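So this one's start35.cif, mmCIF, C-alpha atoms:
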```
data_my_file
#
loop_
_atom_site.label_atom_id
_atom_site.label_comp_id
_atom_site.auth_asym_id
_atom_site.auth_seq_id
_atom_site.Cartn_x
_atom_site.Cartn_y
_atom_site.Cartn_z
CA MET V 1 21.70 53.89 -66.07
CA SER V 2 22.50 54.12 -62.38
CA GLU V 3 22.80 50.37 -61.89
CA ILE V 4 25.97 48.86 -63.30
CA LEU V 5 25.43 45.27 -62.21
CA SER V 6 22.34 43.42 -61.13
CA VAL V 7 22.05 39.81 -60.09
CA LYS V 8 18.65 38.34 -59.34
CA ASN V 9 17.95 34.96 -57.77
CA LEU V 10 21.21 33.37 -58.81
CA SER V 11 21.48 29.72 -57.82
CA LYS V 12 24.00 27.05 -58.66
CA LYS V 13 24.19 23.62 -57.15
CA TYR V 14 27.28 21.45 -56.92
CA ASP V 15 27.65 18.13 -55.13
CA LEU V 16 29.03 19.60 -51.97
CA PHE V 17 28.30 23.28 -52.34
CA GLU V 18 25.44 25.48 -53.36
CA LEU V 19 24.95 29.17 -54.18
CA LYS V 20 21.52 29.98 -52.85
CA ASN V 21 19.44 32.72 -54.33
CA ILE V 22 22.09 35.42 -54.64
CA ASN V 23 20.83 38.97 -55.17
CA LEU V 24 23.11 41.91 -55.85
CA SER V 25 22.64 45.44 -57.05
CA ILE V 26 25.66 47.62 -57.67
CA PRO V 27 25.20 51.29 -58.53
CA ARG V 28 27.65 53.32 -60.57
CA GLY V 29 30.43 55.22 -58.84
CA VAL V 30 31.06 52.97 -55.87
CA ILE V 31 33.32 50.29 -54.47
CA VAL V 32 31.54 47.20 -53.22
CA GLY V 33 33.48 44.87 -50.96
CA PHE V 34 32.54 41.21 -51.13
CA ILE V 35 33.55 39.41 -47.97
CA GLY V 36 33.26 35.92 -46.56
CA GLU V 37 35.46 33.07 -45.45
CA ASN V 38 37.32 30.86 -47.86
CA GLY V 39 34.84 28.53 -49.52
CA ALA V 40 31.84 30.76 -48.80
CA GLY V 41 31.10 31.19 -52.51
CA LYS V 42 32.89 34.42 -53.44
CA THR V 43 34.73 33.04 -56.44
CA THR V 44 31.73 31.05 -57.69
CA THR V 45 29.61 34.19 -57.51
CA ILE V 46 32.23 36.18 -59.40
CA LYS V 47 32.57 33.51 -62.08
CA SER V 48 28.79 33.50 -62.49
CA ILE V 49 28.76 37.25 -62.90
CA LEU V 50 31.44 36.87 -65.58
CA ASN V 51 29.46 34.14 -67.33
CA MET V 52 32.36 31.74 -66.85
CA ILE V 53 30.14 29.03 -65.37
CA ASN V 54 26.64 27.97 -66.20
CA VAL V 55 24.18 28.83 -63.49
CA ASP V 56 21.05 26.82 -62.64
CA THR V 57 18.80 29.85 -62.30
CA GLY V 58 19.31 33.58 -62.18
CA ASP V 59 19.13 36.78 -64.10
CA ILE V 60 22.41 38.65 -64.48
CA LYS V 61 22.57 42.05 -66.10
CA VAL V 62 25.75 44.00 -66.62
CA PHE V 63 25.42 47.60 -67.87
CA GLY V 64 21.73 46.75 -68.23
CA ASN V 65 22.55 44.05 -70.79
CA ASP V 66 22.16 40.32 -70.87
CA TYR V 67 25.04 37.97 -71.68
CA LYS V 68 22.85 36.08 -74.14
CA GLU V 69 22.51 39.10 -76.38
CA LYS V 70 25.55 41.24 -75.71
CA GLU V 71 28.34 39.11 -74.32
CA LYS V 72 31.00 40.84 -76.39
CA ASP V 73 29.88 44.36 -75.49
CA ILE V 74 29.74 43.46 -71.83
CA LYS V 75 33.18 41.88 -71.74
CA GLU V 76 34.69 44.80 -73.60
CA LYS V 77 33.74 47.05 -70.68
CA ILE V 78 34.68 44.81 -67.74
CA GLY V 79 38.16 44.61 -66.29
CA VAL V 80 38.81 41.37 -64.47
CA VAL V 81 41.41 40.14 -62.02
CA LEU V 82 41.04 36.54 -60.95
CA ASP V 83 42.93 34.75 -58.27
CA ASN V 84 44.71 32.00 -60.14
CA SER V 85 44.56 32.63 -63.82
CA PHE V 86 46.96 34.81 -65.73
CA PHE V 87 49.40 34.65 -68.58
CA SER V 88 52.23 32.18 -68.89
CA GLU V 89 55.16 32.97 -66.64
CA GLN V 90 57.47 33.05 -69.64
CA LEU V 91 55.82 36.16 -71.03
CA THR V 92 56.79 39.78 -70.47
CA PRO V 93 54.40 42.75 -70.19
CA SER V 94 55.53 43.64 -73.69
CA ASP V 95 54.24 40.23 -74.95
CA ILE V 96 51.00 40.69 -73.01
CA ASN V 97 50.51 44.04 -74.72
CA LYS V 98 50.65 42.37 -78.13
CA ILE V 99 48.12 39.72 -77.09
CA MET V 100 45.69 42.15 -75.51
CA LYS V 101 45.70 44.36 -78.60
CA PHE V 102 44.02 41.49 -80.42
CA LEU V 103 41.55 40.73 -77.66
CA TYR V 104 40.15 44.16 -76.92
CA LYS V 105 38.95 46.79 -79.35
CA GLU V 106 39.62 49.48 -76.80
CA TRP V 107 43.04 48.25 -75.68
CA ASP V 108 45.10 51.37 -74.99
CA GLU V 109 48.78 50.64 -75.44
CA LYS V 110 49.84 54.10 -74.29
CA LEU V 111 47.80 53.81 -71.11
CA PHE V 112 49.21 50.34 -70.46
CA ILE V 113 52.77 51.61 -70.74
CA GLN V 114 51.96 54.61 -68.60
CA TYR V 115 50.59 52.34 -65.84
CA LEU V 116 53.68 50.13 -66.10
CA ASN V 117 55.84 53.20 -65.58
CA ASP V 118 53.66 54.54 -62.75
CA PHE V 119 53.82 51.23 -60.91
CA LYS V 120 57.51 50.70 -61.76
CA LEU V 121 56.86 47.43 -63.57
CA PRO V 122 59.65 46.54 -66.02
CA ILE V 123 58.20 45.95 -69.48
CA GLU V 124 60.79 43.51 -70.76
CA LYS V 125 61.04 41.32 -67.68
CA MET V 126 59.44 37.87 -67.62
CA ILE V 127 56.52 37.54 -65.26
CA LYS V 128 58.20 34.72 -63.37
CA GLU V 129 60.71 37.25 -62.09
CA TYR V 130 58.01 39.51 -60.71
CA SER V 131 57.31 39.64 -56.96
CA SER V 132 53.75 38.86 -55.89
CA GLY V 133 53.05 42.55 -55.30
CA MET V 134 54.35 43.45 -58.77
CA LEU V 135 52.39 40.60 -60.34
CA MET V 136 49.13 41.80 -58.79
CA LYS V 137 49.80 45.35 -59.94
CA LEU V 138 50.47 43.97 -63.43
CA LYS V 139 47.20 42.03 -63.38
CA ILE V 140 45.31 45.17 -62.39
CA THR V 141 47.17 47.17 -65.03
CA VAL V 142 46.09 44.66 -67.68
CA ALA V 143 42.52 44.82 -66.36
CA LEU V 144 42.49 48.63 -66.55
CA SER V 145 44.09 49.22 -69.92
CA HIS V 146 41.07 48.74 -72.16
CA HIS V 147 39.05 51.49 -70.42
CA PRO V 148 36.63 49.28 -68.51
CA GLU V 149 33.73 50.74 -66.55
CA LEU V 150 33.38 47.86 -64.14
CA LEU V 151 36.31 46.30 -62.38
CA ILE V 152 35.80 42.87 -60.84
CA LEU V 153 38.58 41.51 -58.70
CA ASP V 154 38.88 38.28 -56.76
CA GLU V 155 41.18 38.58 -53.74
CA PRO V 156 43.53 41.20 -55.19
CA THR V 157 45.24 41.96 -51.90
CA SER V 158 45.72 38.49 -50.43
CA GLY V 159 49.31 37.58 -49.77
CA LEU V 160 50.59 41.11 -50.32
CA ASP V 161 52.52 43.29 -47.90
CA PRO V 162 50.92 46.43 -46.45
CA ILE V 163 52.70 48.79 -48.86
CA ALA V 164 51.58 46.92 -51.97
CA ARG V 165 48.04 46.65 -50.55
CA SER V 166 47.86 50.34 -49.90
CA GLU V 167 49.10 51.06 -53.44
CA ILE V 168 46.36 48.85 -54.82
CA LEU V 169 43.70 50.62 -52.76
CA ASP V 170 45.00 53.89 -54.25
CA ILE V 171 44.48 52.46 -57.73
CA PHE V 172 40.88 51.63 -56.78
CA LEU V 173 40.17 55.14 -55.51
CA ASP V 174 41.75 56.51 -58.65
CA PHE V 175 39.53 54.34 -60.84
CA ILE V 176 36.31 55.60 -59.28
CA GLN V 177 37.26 59.23 -59.78
CA ASN V 178 35.04 58.69 -62.79
CA GLU V 179 31.57 58.43 -61.32
CA ASN V 180 30.41 55.97 -63.98
CA HIS V 181 32.92 53.42 -62.77
CA SER V 182 32.37 50.78 -60.13
CA ILE V 183 34.45 48.13 -58.45
CA PHE V 184 33.30 44.77 -57.13
CA VAL V 185 36.12 43.32 -55.08
CA SER V 186 36.26 40.22 -52.96
CA SER V 187 38.61 39.88 -50.07
CA HIS V 188 39.04 38.02 -46.88
CA ILE V 189 41.35 40.78 -45.67
CA THR V 190 38.52 42.94 -44.48
CA SER V 191 40.64 45.80 -43.15
CA ASP V 192 41.44 46.76 -46.76
CA LEU V 193 37.78 47.15 -47.52
CA GLU V 194 37.08 48.94 -44.26
CA THR V 195 38.83 52.01 -45.61
CA VAL V 196 37.80 52.26 -49.26
CA ALA V 197 34.55 50.33 -49.76
CA ASP V 198 31.19 52.08 -49.94
CA TYR V 199 29.11 48.95 -49.51
CA ILE V 200 29.81 45.57 -47.99
CA VAL V 201 28.23 42.36 -49.17
CA PHE V 202 28.80 39.43 -46.88
CA ILE V 203 28.43 35.86 -48.12
CA ASN V 204 28.35 32.78 -45.93
CA LYS V 205 27.81 29.15 -46.98
CA GLY V 206 26.61 30.22 -50.41
CA GLU V 207 24.12 32.75 -49.10
CA ILE V 208 24.28 36.51 -48.85
CA ILE V 209 23.54 37.26 -45.25
CA LEU V 210 24.31 40.96 -45.11
CA SER V 211 24.41 43.76 -47.63
CA GLU V 212 24.87 47.18 -46.15
CA GLU V 213 26.46 50.60 -46.48
CA LYS V 214 29.89 50.29 -44.89
CA ASP V 215 29.53 53.44 -42.80
CA LYS V 216 26.39 52.06 -41.28
CA LEU V 217 28.22 48.90 -40.25
CA LEU V 218 31.12 50.77 -38.71
CA ASP V 219 29.24 53.76 -37.26
CA ASP V 220 25.99 52.15 -36.09
CA TYR V 221 26.69 48.49 -35.46
CA GLY V 222 28.46 47.55 -32.27
CA ILE V 223 29.99 44.75 -30.28
CA VAL V 224 28.77 44.46 -26.72
CA ARG V 225 30.92 42.55 -24.28
CA CYS V 226 29.22 41.67 -21.04
CA THR V 227 28.78 39.21 -18.21
CA GLU V 228 26.18 36.47 -18.08
CA ASP V 229 24.15 38.48 -15.54
CA GLU V 230 24.03 41.41 -17.93
CA PHE V 231 23.34 39.19 -20.91
CA ILE V 232 20.17 37.58 -19.53
CA LYS V 233 18.58 41.02 -19.13
CA ILE V 234 19.00 41.84 -22.83
CA GLU V 235 15.96 41.22 -25.03
CA LYS V 236 16.37 38.94 -28.02
CA ASP V 237 15.26 41.62 -30.47
CA ASP V 238 18.03 43.94 -29.40
CA TYR V 239 20.92 41.91 -30.77
CA ILE V 240 21.62 40.12 -34.02
CA LYS V 241 23.66 37.22 -32.69
CA TYR V 242 25.75 36.40 -29.67
CA ARG V 243 28.75 34.33 -28.81
CA LYS V 244 29.47 32.83 -25.45
CA ASN V 245 33.16 32.87 -24.63
CA LYS V 246 34.93 31.50 -21.62
CA PHE V 247 34.89 34.77 -19.71
CA ASP V 248 32.29 36.93 -21.41
CA TYR V 249 29.43 37.20 -23.86
CA GLU V 250 29.88 39.01 -27.17
CA LEU V 251 26.81 40.44 -28.86
CA LEU V 252 26.51 41.95 -32.29
CA ILE V 253 24.05 44.84 -32.24
CA ALA V 254 22.71 46.97 -35.09
CA ASP V 255 22.42 50.30 -33.31
CA ARG V 256 24.93 51.05 -30.59
CA ASN V 257 23.49 54.45 -29.66
CA ASN V 258 20.05 53.02 -29.01
CA PHE V 259 21.53 50.17 -27.10
CA LYS V 260 23.45 52.58 -24.89
CA THR V 261 20.29 54.40 -23.86
CA LYS V 262 18.42 51.18 -23.12
CA TYR V 263 20.98 49.07 -21.30
CA ASP V 264 23.65 49.78 -18.79
CA VAL V 265 26.57 47.72 -20.06
CA LYS V 266 30.17 48.86 -19.76
CA VAL V 267 31.68 47.79 -23.05
CA ILE V 268 30.14 48.69 -26.39
CA ASP V 269 32.84 48.76 -29.05
CA LYS V 270 32.92 50.07 -32.58
CA PRO V 271 33.09 46.88 -34.64
CA THR V 272 35.56 45.86 -37.28
CA LEU V 273 34.27 43.99 -40.33
CA ASP V 274 36.17 40.96 -39.05
CA GLU V 275 34.29 41.00 -35.77
CA ILE V 276 30.96 41.39 -37.53
CA MET V 277 31.84 38.48 -39.81
CA LEU V 278 33.03 36.34 -36.92
CA ILE V 279 29.93 36.76 -34.76
CA TYR V 280 27.69 36.23 -37.77
CA ILE V 281 29.40 32.97 -38.55
CA LYS V 282 30.20 31.65 -35.10
CA GLY V 283 27.42 33.23 -33.12
CA VAL V 284 23.93 31.98 -32.32
CA LYS V 285 20.61 33.66 -31.78
CA MET O 1 43.39 72.63 -45.75
CA ASN O 2 44.28 70.14 -43.03
CA ILE O 3 42.19 67.06 -42.37
CA ILE O 4 43.45 64.47 -39.95
CA ILE O 5 41.55 61.22 -39.63
CA SER O 6 41.83 58.85 -36.74
CA ASN O 7 40.82 55.29 -37.45
CA SER O 8 40.90 54.35 -33.80
CA SER O 9 38.52 57.11 -32.78
CA ASP O 10 34.97 56.16 -31.91
CA LYS O 11 33.80 59.19 -33.87
CA PRO O 12 32.46 58.28 -37.34
CA ILE O 13 34.87 59.22 -40.11
CA TYR O 14 32.31 61.34 -41.94
CA LYS O 15 31.92 63.37 -38.73
CA GLN O 16 35.66 63.82 -38.40
CA VAL O 17 35.83 65.13 -41.97
CA LYS O 18 32.80 67.35 -41.48
CA GLU O 19 34.02 68.91 -38.23
CA GLN O 20 37.45 69.65 -39.59
CA ILE O 21 36.16 71.34 -42.72
CA LYS O 22 33.74 73.29 -40.51
CA ASN O 23 36.66 74.36 -38.38
CA GLU O 24 38.60 75.51 -41.44
CA ILE O 25 35.60 77.64 -42.42
CA ILE O 26 34.91 79.09 -38.98
CA THR O 27 38.54 79.99 -38.43
CA ASN O 28 38.56 81.60 -41.86
CA ARG O 29 41.32 79.40 -43.28
CA LEU O 30 38.71 78.50 -45.87
CA LYS O 31 37.05 81.70 -47.02
CA PRO O 32 33.60 82.32 -48.50
CA GLY O 33 33.72 81.49 -52.19
CA ASP O 34 36.72 79.16 -51.86
CA GLN O 35 36.34 75.98 -53.86
CA LEU O 36 36.43 72.66 -52.04
CA PRO O 37 37.80 69.49 -53.63
CA SER O 38 35.21 67.26 -55.31
CA ILE O 39 33.79 64.46 -53.21
CA ARG O 40 35.70 61.86 -55.21
CA ALA O 41 38.99 63.75 -55.16
CA LEU O 42 38.76 64.29 -51.41
CA ALA O 43 37.88 60.62 -50.85
CA LYS O 44 40.94 59.62 -52.82
CA ASP O 45 43.27 62.00 -51.02
CA LEU O 46 42.01 60.90 -47.62
CA GLY O 47 41.98 57.23 -48.66
CA ILE O 48 38.37 56.84 -47.56
CA SER O 49 35.19 55.81 -49.32
CA VAL O 50 33.16 58.09 -51.55
CA ILE O 51 29.97 57.67 -49.53
CA THR O 52 31.75 58.67 -46.32
CA THR O 53 32.94 61.89 -47.95
CA LYS O 54 29.54 62.46 -49.52
CA ASN O 55 27.88 62.18 -46.10
CA ALA O 56 30.23 64.82 -44.69
CA TYR O 57 29.43 67.19 -47.58
CA ILE O 58 25.68 66.56 -47.25
CA ASP O 59 25.79 67.58 -43.59
CA LEU O 60 27.93 70.64 -44.27
CA GLU O 61 25.57 71.68 -47.01
CA ARG O 62 22.51 71.18 -44.82
CA GLU O 63 24.07 73.28 -42.10
CA GLY O 64 24.80 76.03 -44.59
CA TYR O 65 28.58 75.94 -44.60
CA ILE O 66 29.01 74.92 -48.19
CA GLU O 67 27.09 75.11 -51.44
CA THR O 68 27.21 72.90 -54.49
CA ILE O 69 26.72 74.46 -57.87
CA PRO O 70 25.78 71.67 -60.30
CA ALA O 71 28.46 70.89 -62.88
CA LYS O 72 30.76 73.51 -61.32
CA GLY O 73 31.77 72.40 -57.89
CA THR O 74 31.41 72.85 -54.17
CA TYR O 75 32.19 76.19 -52.56
CA VAL O 76 32.33 77.69 -49.09
CA SER O 77 29.02 79.43 -48.63
CA ASN O 78 28.79 83.22 -48.95
CA LYS O 79 25.43 83.77 -47.40
CA ASN O 80 25.65 82.18 -44.07
CA ILE O 81 28.37 84.01 -42.22
CA GLU O 82 25.71 85.09 -39.70
CA LEU O 83 24.74 81.50 -39.18
CA ILE O 84 28.33 80.53 -38.62
CA LYS O 85 28.75 83.37 -36.14
CA GLU O 86 25.68 82.23 -34.26
CA ASP O 87 27.18 78.80 -34.05
CA GLN O 88 30.35 80.28 -32.59
CA PHE O 89 28.37 82.37 -30.11
CA LYS O 90 26.70 79.21 -28.88
CA LYS O 91 30.07 77.57 -28.49
CA ILE O 92 31.43 80.53 -26.53
CA GLU O 93 28.37 80.57 -24.31
CA ARG O 94 28.84 76.92 -23.51
CA LEU O 95 32.51 77.44 -22.64
CA ILE O 96 31.71 80.44 -20.44
CA GLU O 97 28.98 78.48 -18.71
CA THR O 98 31.50 75.78 -17.92
CA SER O 99 33.93 78.40 -16.58
CA ILE O 100 31.21 79.93 -14.40
CA SER O 101 30.17 76.63 -12.92
CA ILE O 102 33.79 75.77 -12.14
CA ALA O 103 34.21 79.24 -10.60
CA LYS O 104 31.12 78.82 -8.41
CA ILE O 105 32.31 75.46 -7.11
CA CYS O 106 35.64 76.98 -6.09
CA GLY O 107 34.19 80.23 -4.79
CA ILE O 108 35.85 82.40 -7.42
CA THR O 109 33.96 85.69 -7.82
CA LYS O 110 32.53 87.36 -10.87
CA GLU O 111 35.17 90.08 -10.50
CA ASP O 112 37.96 87.49 -10.50
CA ILE O 113 36.56 85.97 -13.67
CA ASN O 114 36.27 89.36 -15.31
CA SER O 115 39.86 90.19 -14.56
CA ILE O 116 41.07 86.80 -15.81
CA PHE O 117 39.07 87.42 -18.96
CA ASN O 118 40.53 90.91 -19.44
CA ILE O 119 44.08 89.75 -18.92
CA LEU O 120 43.69 86.82 -21.36
CA TRP O 121 41.99 89.03 -23.93
CA GLU O 122 44.85 91.54 -23.85
CA ASP O 123 47.47 88.78 -23.95
CA ASN O 124 45.82 87.35 -27.02
CA ASN O 125 45.98 90.74 -28.80
CA GLU O 126 49.71 91.08 -28.51
#
```
Let me see the file written as structure tokens.
Amino acid sequence: MSEILSVKNLSKKYDLFELKNINLSIPRGVIVGFIGENGAGKTTTIKSILNMINVDTGDIKVFGNDYKEKEKDIKEKIGVVLDNSFFSEQLTPSDINKIMKFLYKEWDEKLFIQYLNDFKLPIEKMIKEYSSGMLMKLKITVALSHHPELLILDEPTSGLDPIARSEILDIFLDFIQNENHSIFVSSHITSDLETVADYIVFINKGEIILSEEKDKLLDDYGIVRCTEDEFIKIEKDDYIKYRKNKFDYELLIADRNNFKTKYDVKVIDKPTLDEIMLIYIKGVK
Amino acid sequence: MNIIISNSSDKPIYKQVKEQIKNEIITNRLKPGDQLPSIRALAKDLGISVITTKNAYIDLEREGYIETIPAKGTYVSNKNIELIKEDQFKKIERLIETSISIAKICGITKEDINSIFNILWEDNNE
């Protein structure tokens, strides 16, 4: 019961791109941030989880169930926000309400209208007149209004201003007030996930290269900046990857307190998720 | 209850939360038996993750400041006022030690320190 989503050995090969052996385990009650550069495989992974594409291999279980047997039950309990697909621009939220009533058994018209009011989204206005912040809030509202337990969102904050982004993060924290609920959210704006995510999964070139509790990444990991003379004294086992810049060396380390006691370097910074991502991708070992 | 979180601080966020709740308890702004917000509610109000908040509560519970009663909630501990006092004693000792070592460096006498202490103590009572 404690695992809401599990993905085992998921692979999918395209001509130019491949998802390689993806493994994921998401417990109930948490927000999992899915990060990686554009083209790393975030959307393909999400579409696989939603059974929107056929995978080559892999075992995907949502709420402990298999798509083969319980596709309808699963979809009834997932709320989804995808990057590019939504209703026709000519429709109003009021039209969407009528459509969704047919699609979901649990569609809650009252809740939908309440969200629209909370987020100040006009019910009789055509979507084409919505700003991008309003449109995203509408998409999330639609995703939430059939009482899902798992919310899966692809890039919900990209292209939005800081106010709209912060409002959306509030919606996420609100959603997991129920400890049976979980959120799997991809983003390349990592600062959003730095605040609210419990776990971070990092995908690069179709492979998951890091999956860790966020606090561990921010509180234990570190970025060392040092000179070449300092760098050559550091043992290979004591850093994950390094990057040689014009004027300094940057090292990603897994335990900055340990490092401090072992080496005498001046700069050991608390990392941001961006920096971790950057050194992982651009760095060498 | 006031909790102020700095994102630019090097101090882990769970520690910032923990220390500030501890401070509220020690200074008696949160009293024994007072109910604390649930982990999820506090996470939401602070705009931080659930696990971060949970880690702060786990530490506070381990150190005896708070207690969780299953299905009811989390409360400021009744039993461990002595423990909290001991903690404060240690803090005071450390501060006095610092004062003494500063005094010794500057050649300030024990009598001087005593009189500074007495004056400050009285001032504080007014």
The PyMOL selection byres ((chain O) within 7 of (chain V)) resolved against shown file, as a PyMOL selection string
chain O and resi 10+12+40-41+44+47-52
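By chain and then residue number, the residues within 12 Å of Arg29 (chain O) are O:Met1, O:Asn2, O:Gln20, O:Ile21, O:Lys22, O:Asn23, O:Val76, counting only C-alpha atoms and disregarding those fewer than 6 positions away in sequence.
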Evaluate the PyMOL selection byres ((chain O and resi 65) around 10) against this structure - the residues, as a PyMOL selection string, please.
chain O and resi 21-22+25-26+32+57+59-64+66-67+75-81+83-84
If you count only C-alpha atoms, which residues fall within 7 Å of Ser145 (chain V), apart from same-chain ones fewer than 3 positions away, as a ChimeraX atom specification?
/V:107-108,111-112,141-142
Expand the PyMOL selection byres ((chain V and resi 247) around 10) into the individual residues it matches in the shown file, reporting them as a count of residues only.
10
